[in-house]
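Below is one structure, written out as structure tokens; the observations come after it.
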Amino acid sequence: MSVYEKIRSLLDIVEVIGEYIPLKRVGNSYAARCPFHSDRTPSFYVSPSKGIWKCFGCGKGGDVIKFVAEYENLSYFEAAKLLVERYNLPIELGDTEKEGEYYKALRLMGEFYKENLLKAKEARDYLLKVRKLSPSLVEEFGIGYCGDGFKSVSFARKNKIFDPLLELKHFFRTADGRYKDFFYQRITIPIRNLTGKIVAFGGRSLLEDLKPKYKNSPNSLLFQKERTLFGLDRAREPARDKEFLIIVEGYFDVIRLNSVGFRNSVAPLGTSLTEHHARIIKKLVPKVVLLFDGDAAGRRAALEAAKKLLTFDLEVFFAFLPQGEDPDTFVLNEGLKAIKELIQNAESVRDYLIERAANASSDKIEKIAKLYRELASKISDPIKRELWFKTFEEKVGIPLRGKRKKWLSLKKLSVPTDIDTAEVDFLLGLLYLEPTDIELENYKLSPKVKEWALNILEGKKEKLPKWLFEIDTTNLEERFRTARGKLFEKNLQLEEIFEELYHLEEKLKKGTISGEELQKFKLLLEGLNKFEREMYKKFKENLKGQPKP
């Protein structure tokens, strides 16, 4: 038995996953809203008998270790270690030999850079006089200096860490065949994982003609920039305490904000904010303040980041700086009071767009309205999403729902009240996506919806209600997957009821049913509608010839 098999055998997958997300029993399985994508209805299922989980919405799945790896943004090995420590399992685990080599090499290189900084007047002057960082702050963040790029290679060879650093692409070969440091002539800033270990470096050029000005270590086994936020190891606990996280655009912005007490600050590393970043943030806090430059590029970047964050139902606020300023320079020029006021007065993305729409010219208002609708559609919570739509329509006077050529008046759609959202999205998916793997009997549909679904599958679109063609189809693929998961879940619940009914009905026929069981039988049977009673008949027919309980 491998060490991973042993870990899986010692853990209860329902217990472990249940500590992360609320699970609801459905037959012999458990269901929940998937934590890995915007899931309006449960499409995530856990099978304790098989020891696996699967999401029918985003397609992800695996064992208990894989779940923790995905949720905590860890490697499979790191997730296994976390579980061993958390549940005190009698298993010995350390870093893999390769990971251990990498961590050691990066740690020693970080120490070399720090020592080298003490000998480099130009680099020290840049940090202390130009950037105006205190010596203690430089030490606190482990900031260093690479130098010419050849001395660090010699240091690595002497300390027998050259090979692992070369594997991490930390060194490169020059035209004359020599090896040189990736960060030559750059200030170096260690990038750490959640446990505080150095996994990469960031570098800031000291030479005007050395481009790019900023760069990070290449992606590796330890470091993926699209999954890493600079400063998160330090910001995690302060962010939890304050219940919000500040996102800025660069290392020195994070460092400056830390120096004035905003330790709940992080920054992406050479990428825009990603879905992986948003998922990590959602685990920590309910609210995010995007402290970005106030120019056009900064505002576009903030709106793109908001799309990712809203998908995970985070509250998103904008705090735009004056043009030409970043958090680092703003704190230096305006002081602590000014940055505090800016963050405290941050405006929600919803109010920001509504204000822009209300004051926009007629040629720009449609563009803003479409952007607002796109952002609102990212929200999985139906109540919050509806509030977004309603607030915009009331304050701006422009409809956001339904397919329209012009943004003129709000037309109320006559969707039948007895059809839930999942059934509507299911019909839309059949109509526009034309899936080839649909068997209607696998889904619990009301009689009218089943009739319309059959009409769609048979190409009889003229028999469909007009309102179906006027409903918004934004993010339809995701909505359709979610609807299938929800309706499939209902089928599972219905099958459980059918099994109970069948068991009680057999006891009734044999005359062995108790008064309490008879009452339960009547209640269950009365709870079925006409369509469900037909399904129950088919359920019993399928059991013919099988041993009776």
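For the structure tokens, the naming scheme is as follows: chains receive sequential letters (A, B, ...) according to their order of presentation, residues are indexed from 1 within each chain, and ligands are indexed from 1 in presentation order.
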Inset, instruction - Please report, as a PyMOL selection string, each residue of stretch 62-272 of chain A to which DSSP assigns alpha helix (DSSP H) when run on this structure's backbone. - result: chain A and resi 64-72+76-86+97-118+121-125+135-140+151-158+162-167+232-242+251-259
Which residues of stretch 278-394 of chain A have any atom within 12 Å of an atom in stretch 120-130 of chain A when counting only C-alpha atoms, and what is the closest pair of atoms for each, with the distance in Å to one decimal? Order the rows by chain and rising number and write it as CSV.
residue,atom,partner,partner_atom,distance
A:Asp328,CA,A:Val130,CA,11.6
A:Thr329,CA,A:Val130,CA,10.8
A:Leu332,CA,A:Val130,CA,11.0
Inset, instruction - Would you kindly return, as a ChimeraX atom specification, each protein, DNA or RNA residue with an atom no farther than 10 Å from any atom of A:Glu167, considering only C-alpha atoms and excluding same-chain residues fewer than 6 positions away? - result: /A:102,220-221
With C-alpha atoms retained, could you export that selection as a PDB file, in the first residue's frame?
ATOM      1  CA  TYR A 102      14.717  23.354  -4.523  1.00  0.00           C
ATOM      2  CA  SER A 220       8.265  25.725 -11.811  1.00  0.00           C
ATOM      3  CA  LEU A 221       7.263  22.778  -9.655  1.00  0.00           C
TER       4      LEU A 221
END
Legend entry - A:Lys197 surroundings by only C-alpha atoms, 10 Å radius, close-in-sequence under 3 positions cut, as an MDAnalysis selection string: chainID A and resid 103:104 106:107 190:194 200 222 233
What does the file look like for those residues with N, CA and C atoms, as a PDB file, in the first residue's frame?
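Result file part.pdb:
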ATOM      1  N   TYR A 103      13.878  23.988  -2.328  1.00  0.00           N
ATOM      2  CA  TYR A 103      13.669  24.918  -1.217  1.00  0.00           C
ATOM      3  C   TYR A 103      15.010  25.359  -0.614  1.00  0.00           C
ATOM      4  N   LYS A 104      15.907  24.409  -0.433  1.00  0.00           N
ATOM      5  CA  LYS A 104      17.222  24.731   0.133  1.00  0.00           C
ATOM      6  C   LYS A 104      17.985  25.683  -0.777  1.00  0.00           C
ATOM      7  N   LEU A 106      16.869  27.812  -3.045  1.00  0.00           N
ATOM      8  CA  LEU A 106      16.270  29.150  -3.071  1.00  0.00           C
ATOM      9  C   LEU A 106      16.526  29.892  -1.764  1.00  0.00           C
ATOM     10  N   ARG A 107      16.487  29.179  -0.657  1.00  0.00           N
ATOM     11  CA  ARG A 107      16.750  29.814   0.646  1.00  0.00           C
ATOM     12  C   ARG A 107      18.184  30.341   0.700  1.00  0.00           C
ATOM     13  N   PRO A 190      12.086  38.158  -2.368  1.00  0.00           N
ATOM     14  CA  PRO A 190      11.635  36.768  -2.256  1.00  0.00           C
ATOM     15  C   PRO A 190      10.112  36.652  -2.363  1.00  0.00           C
ATOM     16  N   ILE A 191       9.665  35.656  -3.093  1.00  0.00           N
ATOM     17  CA  ILE A 191       8.244  35.322  -3.188  1.00  0.00           C
ATOM     18  C   ILE A 191       8.047  34.023  -2.405  1.00  0.00           C
ATOM     19  N   ARG A 192       7.126  34.034  -1.459  1.00  0.00           N
ATOM     20  CA  ARG A 192       6.970  32.892  -0.544  1.00  0.00           C
ATOM     21  C   ARG A 192       5.612  32.221  -0.714  1.00  0.00           C
ATOM     22  N   ASN A 193       5.574  30.933  -0.367  1.00  0.00           N
ATOM     23  CA  ASN A 193       4.292  30.228  -0.355  1.00  0.00           C
ATOM     24  C   ASN A 193       3.603  30.463   0.985  1.00  0.00           C
ATOM     25  N   LEU A 194       2.462  29.831   1.203  1.00  0.00           N
ATOM     26  CA  LEU A 194       1.686  30.088   2.417  1.00  0.00           C
ATOM     27  C   LEU A 194       2.403  29.662   3.690  1.00  0.00           C
ATOM     28  N   ALA A 200      10.242  31.467  -5.257  1.00  0.00           N
ATOM     29  CA  ALA A 200      10.652  32.208  -6.449  1.00  0.00           C
ATOM     30  C   ALA A 200      11.166  33.568  -5.996  1.00  0.00           C
ATOM     31  N   LEU A 222       7.513  24.458  -7.907  1.00  0.00           N
ATOM     32  CA  LEU A 222       7.158  25.153  -6.661  1.00  0.00           C
ATOM     33  C   LEU A 222       6.325  26.404  -6.886  1.00  0.00           C
ATOM     34  N   ASP A 233       1.370  35.130   2.413  1.00  0.00           N
ATOM     35  CA  ASP A 233       1.817  34.449   3.632  1.00  0.00           C
ATOM     36  C   ASP A 233       1.738  35.382   4.839  1.00  0.00           C
TER      37      ASP A 233
END
Would you mind listing what lies within 9 Å of stretch 376-390 of chain A as an mmCIF file with N, CA and C atoms, in the first residue's frame, with only C-alpha atoms counted and same-chain residues fewer than 6 positions away left out?
data_model
loop_
_atom_site.group_PDB
_atom_site.id
_atom_site.type_symbol
_atom_site.label_atom_id
_atom_site.label_comp_id
_atom_site.auth_asym_id
_atom_site.auth_seq_id
_atom_site.Cartn_x
_atom_site.Cartn_y
_atom_site.Cartn_z
ATOM 1 N N SER A 38 -18.590 28.800 -10.341
ATOM 2 C CA SER A 38 -19.824 29.482 -9.948
ATOM 3 C C SER A 38 -20.976 28.497 -10.076
ATOM 4 N N ASP A 39 -21.492 28.041 -8.953
ATOM 5 C CA ASP A 39 -22.475 26.951 -8.934
ATOM 6 C C ASP A 39 -23.747 27.428 -8.246
ATOM 7 N N ARG A 40 -24.780 27.676 -9.022
ATOM 8 C CA ARG A 40 -26.027 28.198 -8.439
ATOM 9 C C ARG A 40 -26.803 27.115 -7.703
ATOM 10 N N THR A 41 -26.716 25.890 -8.185
ATOM 11 C CA THR A 41 -27.398 24.765 -7.548
ATOM 12 C C THR A 41 -26.416 23.614 -7.426
ATOM 13 N N LYS A 307 -14.657 40.753 -12.449
ATOM 14 C CA LYS A 307 -15.349 39.621 -13.078
ATOM 15 C C LYS A 307 -14.953 38.303 -12.421
ATOM 16 N N LYS A 308 -13.662 38.147 -12.139
ATOM 17 C CA LYS A 308 -13.187 36.909 -11.492
ATOM 18 C C LYS A 308 -13.693 36.821 -10.052
ATOM 19 N N LEU A 309 -13.638 37.936 -9.341
ATOM 20 C CA LEU A 309 -13.988 37.937 -7.922
ATOM 21 C C LEU A 309 -15.489 37.734 -7.703
ATOM 22 N N LEU A 310 -16.311 38.349 -8.542
ATOM 23 C CA LEU A 310 -17.764 38.222 -8.397
ATOM 24 C C LEU A 310 -18.232 36.793 -8.646
ATOM 25 N N THR A 311 -17.506 36.069 -9.471
ATOM 26 C CA THR A 311 -17.848 34.667 -9.733
ATOM 27 C C THR A 311 -17.868 33.866 -8.441
ATOM 28 N N PHE A 312 -17.059 34.274 -7.472
ATOM 29 C CA PHE A 312 -16.987 33.570 -6.189
ATOM 30 C C PHE A 312 -17.750 34.322 -5.092
ATOM 31 N N ASP A 313 -18.693 35.161 -5.534
ATOM 32 C CA ASP A 313 -19.582 35.881 -4.610
ATOM 33 C C ASP A 313 -18.826 36.717 -3.584
ATOM 34 N N LEU A 314 -17.709 37.262 -3.989
ATOM 35 C CA LEU A 314 -16.989 38.199 -3.133
ATOM 36 C C LEU A 314 -17.557 39.605 -3.320
ATOM 37 N N ARG A 350 -20.717 47.752 -8.045
ATOM 38 C CA ARG A 350 -22.100 47.977 -8.487
ATOM 39 C C ARG A 350 -22.427 49.469 -8.514
ATOM 40 N N PRO A 399 -33.529 48.379 -18.972
ATOM 41 C CA PRO A 399 -33.682 46.940 -18.711
ATOM 42 C C PRO A 399 -32.395 46.192 -19.019
ATOM 43 N N LEU A 400 -32.133 45.152 -18.246
ATOM 44 C CA LEU A 400 -30.925 44.353 -18.459
ATOM 45 C C LEU A 400 -31.232 42.918 -18.871
ATOM 46 N N ARG A 401 -32.457 42.463 -18.646
ATOM 47 C CA ARG A 401 -32.788 41.068 -18.909
ATOM 48 C C ARG A 401 -33.611 40.927 -20.178
ATOM 49 N N THR A 474 -26.837 34.832 -21.197
ATOM 50 C CA THR A 474 -25.462 35.037 -20.748
ATOM 51 C C THR A 474 -24.984 33.838 -19.934
ATOM 52 N N ASN A 475 -23.751 33.395 -20.192
ATOM 53 C CA ASN A 475 -23.151 32.253 -19.476
ATOM 54 C C ASN A 475 -24.027 31.001 -19.561
#
Legend entry - Which of A:Lys50, A:His276, A:His37, A:Arg479 sits closest to A:Thr228 [using only C-alpha atoms]: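 Closest to A:Thr228, using only C-alpha atoms: A:His276.
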Inset, instruction - Find the residues near A:Ile343: any atom within 12 Å, counting only C-alpha atoms, skip ones fewer than 4 places away on the same chain, and give them as an MDAnalysis selection string. - result: chainID A and resid 244:248 257 262 265 288:292 317:321 327 331 336:339 347:348
Output for the residues just chosen: C-alpha atoms as a short mmCIF file (atom, residue, chain, number, x, y, z; two decimals), in the first residue's frame:
data_model
loop_
_atom_site.label_atom_id
_atom_site.label_comp_id
_atom_site.auth_asym_id
_atom_site.auth_seq_id
_atom_site.Cartn_x
_atom_site.Cartn_y
_atom_site.Cartn_z
CA PHE A 244 -11.17 42.17 3.75
CA LEU A 245 -8.13 42.01 1.52
CA ILE A 246 -6.49 44.87 -0.37
CA ILE A 247 -5.23 44.00 -3.86
CA VAL A 248 -2.60 46.23 -5.45
CA LEU A 257 1.17 49.41 2.69
CA PHE A 262 -2.16 47.67 6.03
CA SER A 265 -2.33 43.61 1.22
CA VAL A 288 -11.92 42.78 -1.55
CA VAL A 289 -10.73 46.35 -2.13
CA LEU A 290 -8.99 46.86 -5.48
CA LEU A 291 -6.52 49.71 -4.91
CA PHE A 292 -5.51 50.43 -8.50
CA PHE A 317 -14.88 47.60 -3.97
CA PHE A 318 -12.84 50.08 -6.02
CA ALA A 319 -10.42 52.62 -4.56
CA PHE A 320 -8.85 54.45 -7.48
CA LEU A 321 -5.72 56.52 -6.99
CA PRO A 327 -0.06 53.07 -3.55
CA VAL A 331 1.52 56.98 0.81
CA LEU A 336 -1.24 57.62 6.21
CA LYS A 337 -4.45 59.62 6.73
CA ALA A 338 -5.03 60.02 2.99
CA ILE A 339 -4.58 56.31 2.19
CA GLU A 347 -16.98 52.33 -3.77
CA SER A 348 -18.66 49.03 -4.60
#
Legend entry - Pick from A:Leu457, A:Ala297, A:Ala305, A:Leu82 nearest to A:Gln323, counting only C-alpha atoms: A:Ala297
Inset, instruction - Find the residue from A:Leu165, A:Ile354, A:Ala31, A:Leu108 that sits nearest to A:Thr391; use only C-alpha atoms when measuring. - result: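 The answer is A:Ile354, which sits nearest to A:Thr391.
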